[in-house]
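Peer 1: Let me begin by handing over the structure; questions about it come next.
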Amino acid sequence: MKQDSQTICGVFSVNEFCSWAGMGRTSVYAKLKAGRLDARRFGRRTLIFKSEAER
């Protein structure tokens with residue numbers, strides 16, 4: 001698996017999280033909306049912390 005600076009720092013973009021978790025973007029955003037997954041917005045980017053992803 002390719003690791004770039006975000007995953008090394010423990011942060012996934014939505015696309016990176018989708019690849020890591022084997023999920024589609026629609027499912028990820030549905031989990032975010034339902035409160036089952038937590039993410040942070042930095043400007044226009046939505047970032048998911050690796051610790052949250054593993055939870």
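By convention in this document, the chains of the structure tokens carry letters A, B, ... by their order, each chain's residues are numbered from 1, and ligands are numbered from 1 in the order they are shown.
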Near Arg41 (chain A), counting only C-alpha atoms, which residues have an atom at most 12 Å away, once you skip same-chain residues fewer than 2 positions from it, shown as an NGL selection string?
Peer 2: :A and (11-14 or 32 or 38-39 or 43-49)
Peer 1: Export N, CA and C atoms of the chosen residues as an mmCIF file, in the first residue's frame?
Peer 2:
data_model
loop_
_atom_site.group_PDB
_atom_site.id
_atom_site.type_symbol
_atom_site.label_atom_id
_atom_site.label_comp_id
_atom_site.auth_asym_id
_atom_site.auth_seq_id
_atom_site.Cartn_x
_atom_site.Cartn_y
_atom_site.Cartn_z
ATOM 1 N N VAL A 11 -3.356 10.653 9.325
ATOM 2 C CA VAL A 11 -4.551 11.327 8.822
ATOM 3 C C VAL A 11 -4.851 10.804 7.424
ATOM 4 N N PHE A 12 -6.117 10.499 7.163
ATOM 5 C CA PHE A 12 -6.565 10.060 5.842
ATOM 6 C C PHE A 12 -7.416 11.147 5.199
ATOM 7 N N SER A 13 -7.269 11.335 3.904
ATOM 8 C CA SER A 13 -8.270 12.086 3.155
ATOM 9 C C SER A 13 -9.450 11.132 2.958
ATOM 10 N N VAL A 14 -10.554 11.614 2.459
ATOM 11 C CA VAL A 14 -11.708 10.741 2.244
ATOM 12 C C VAL A 14 -11.349 9.653 1.231
ATOM 13 N N LEU A 32 -20.450 9.499 8.238
ATOM 14 C CA LEU A 32 -20.147 10.804 8.831
ATOM 15 C C LEU A 32 -21.432 11.512 9.257
ATOM 16 N N ASP A 38 -16.056 10.087 12.701
ATOM 17 C CA ASP A 38 -15.766 11.490 12.977
ATOM 18 C C ASP A 38 -14.663 11.975 12.046
ATOM 19 N N ALA A 39 -14.815 13.180 11.551
ATOM 20 C CA ALA A 39 -13.813 13.778 10.665
ATOM 21 C C ALA A 39 -13.684 15.257 11.006
ATOM 22 N N GLY A 43 -10.075 23.749 5.856
ATOM 23 C CA GLY A 43 -10.351 24.422 4.588
ATOM 24 C C GLY A 43 -11.407 23.635 3.837
ATOM 25 N N ARG A 44 -11.080 23.246 2.617
ATOM 26 C CA ARG A 44 -12.018 22.477 1.799
ATOM 27 C C ARG A 44 -11.859 20.978 1.962
ATOM 28 N N ARG A 45 -10.849 20.543 2.704
ATOM 29 C CA ARG A 45 -10.561 19.119 2.843
ATOM 30 C C ARG A 45 -11.241 18.525 4.066
ATOM 31 N N THR A 46 -11.735 17.318 3.910
ATOM 32 C CA THR A 46 -12.269 16.544 5.022
ATOM 33 C C THR A 46 -11.224 15.498 5.358
ATOM 34 N N LEU A 47 -10.758 15.496 6.602
ATOM 35 C CA LEU A 47 -9.704 14.576 7.024
ATOM 36 C C LEU A 47 -10.205 13.680 8.150
ATOM 37 N N ILE A 48 -9.809 12.422 8.094
ATOM 38 C CA ILE A 48 -10.203 11.434 9.085
ATOM 39 C C ILE A 48 -8.931 10.949 9.771
ATOM 40 N N PHE A 49 -8.868 11.082 11.092
ATOM 41 C CA PHE A 49 -7.701 10.634 11.836
ATOM 42 C C PHE A 49 -7.651 9.110 11.849
#
Peer 1: Would you give me, as a list in words, the residues in chain A that DSSP reads as strand (DSSP E or B)?
Peer 2: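 Here is the list: Val11, Phe12, Ser13, Arg40, Arg41, Phe42, Arg45, Thr46, Leu47, Ile48 and Phe49 of chain A.
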Peer 1: Write out the residues from the selection above, keeping N, CA and C atoms, as a PDB file, in the first residue's frame.
Peer 2:
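That gives us result08.pdb:
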ATOM      1  N   VAL A  11      -3.356  10.653   9.325  1.00  0.00           N
ATOM      2  CA  VAL A  11      -4.551  11.327   8.822  1.00  0.00           C
ATOM      3  C   VAL A  11      -4.851  10.804   7.424  1.00  0.00           C
ATOM      4  N   PHE A  12      -6.117  10.499   7.163  1.00  0.00           N
ATOM      5  CA  PHE A  12      -6.565  10.060   5.842  1.00  0.00           C
ATOM      6  C   PHE A  12      -7.416  11.147   5.199  1.00  0.00           C
ATOM      7  N   SER A  13      -7.269  11.335   3.904  1.00  0.00           N
ATOM      8  CA  SER A  13      -8.270  12.086   3.155  1.00  0.00           C
ATOM      9  C   SER A  13      -9.450  11.132   2.958  1.00  0.00           C
ATOM     10  N   ARG A  40     -12.629  15.853  10.531  1.00  0.00           N
ATOM     11  CA  ARG A  40     -12.384  17.288  10.741  1.00  0.00           C
ATOM     12  C   ARG A  40     -12.227  17.957   9.390  1.00  0.00           C
ATOM     13  N   ARG A  41     -12.722  19.167   9.291  1.00  0.00           N
ATOM     14  CA  ARG A  41     -12.562  19.950   8.066  1.00  0.00           C
ATOM     15  C   ARG A  41     -11.389  20.897   8.237  1.00  0.00           C
ATOM     16  N   PHE A  42     -10.519  20.927   7.261  1.00  0.00           N
ATOM     17  CA  PHE A  42      -9.410  21.865   7.184  1.00  0.00           C
ATOM     18  C   PHE A  42      -9.516  22.549   5.847  1.00  0.00           C
ATOM     19  N   ARG A  45     -10.849  20.543   2.704  1.00  0.00           N
ATOM     20  CA  ARG A  45     -10.561  19.119   2.843  1.00  0.00           C
ATOM     21  C   ARG A  45     -11.241  18.525   4.066  1.00  0.00           C
ATOM     22  N   THR A  46     -11.735  17.318   3.910  1.00  0.00           N
ATOM     23  CA  THR A  46     -12.269  16.544   5.022  1.00  0.00           C
ATOM     24  C   THR A  46     -11.224  15.498   5.358  1.00  0.00           C
ATOM     25  N   LEU A  47     -10.758  15.496   6.602  1.00  0.00           N
ATOM     26  CA  LEU A  47      -9.704  14.576   7.024  1.00  0.00           C
ATOM     27  C   LEU A  47     -10.205  13.680   8.150  1.00  0.00           C
ATOM     28  N   ILE A  48      -9.809  12.422   8.094  1.00  0.00           N
ATOM     29  CA  ILE A  48     -10.203  11.434   9.085  1.00  0.00           C
ATOM     30  C   ILE A  48      -8.931  10.949   9.771  1.00  0.00           C
ATOM     31  N   PHE A  49      -8.868  11.082  11.092  1.00  0.00           N
ATOM     32  CA  PHE A  49      -7.701  10.634  11.836  1.00  0.00           C
ATOM     33  C   PHE A  49      -7.651   9.110  11.849  1.00  0.00           C
TER      34      PHE A  49
END
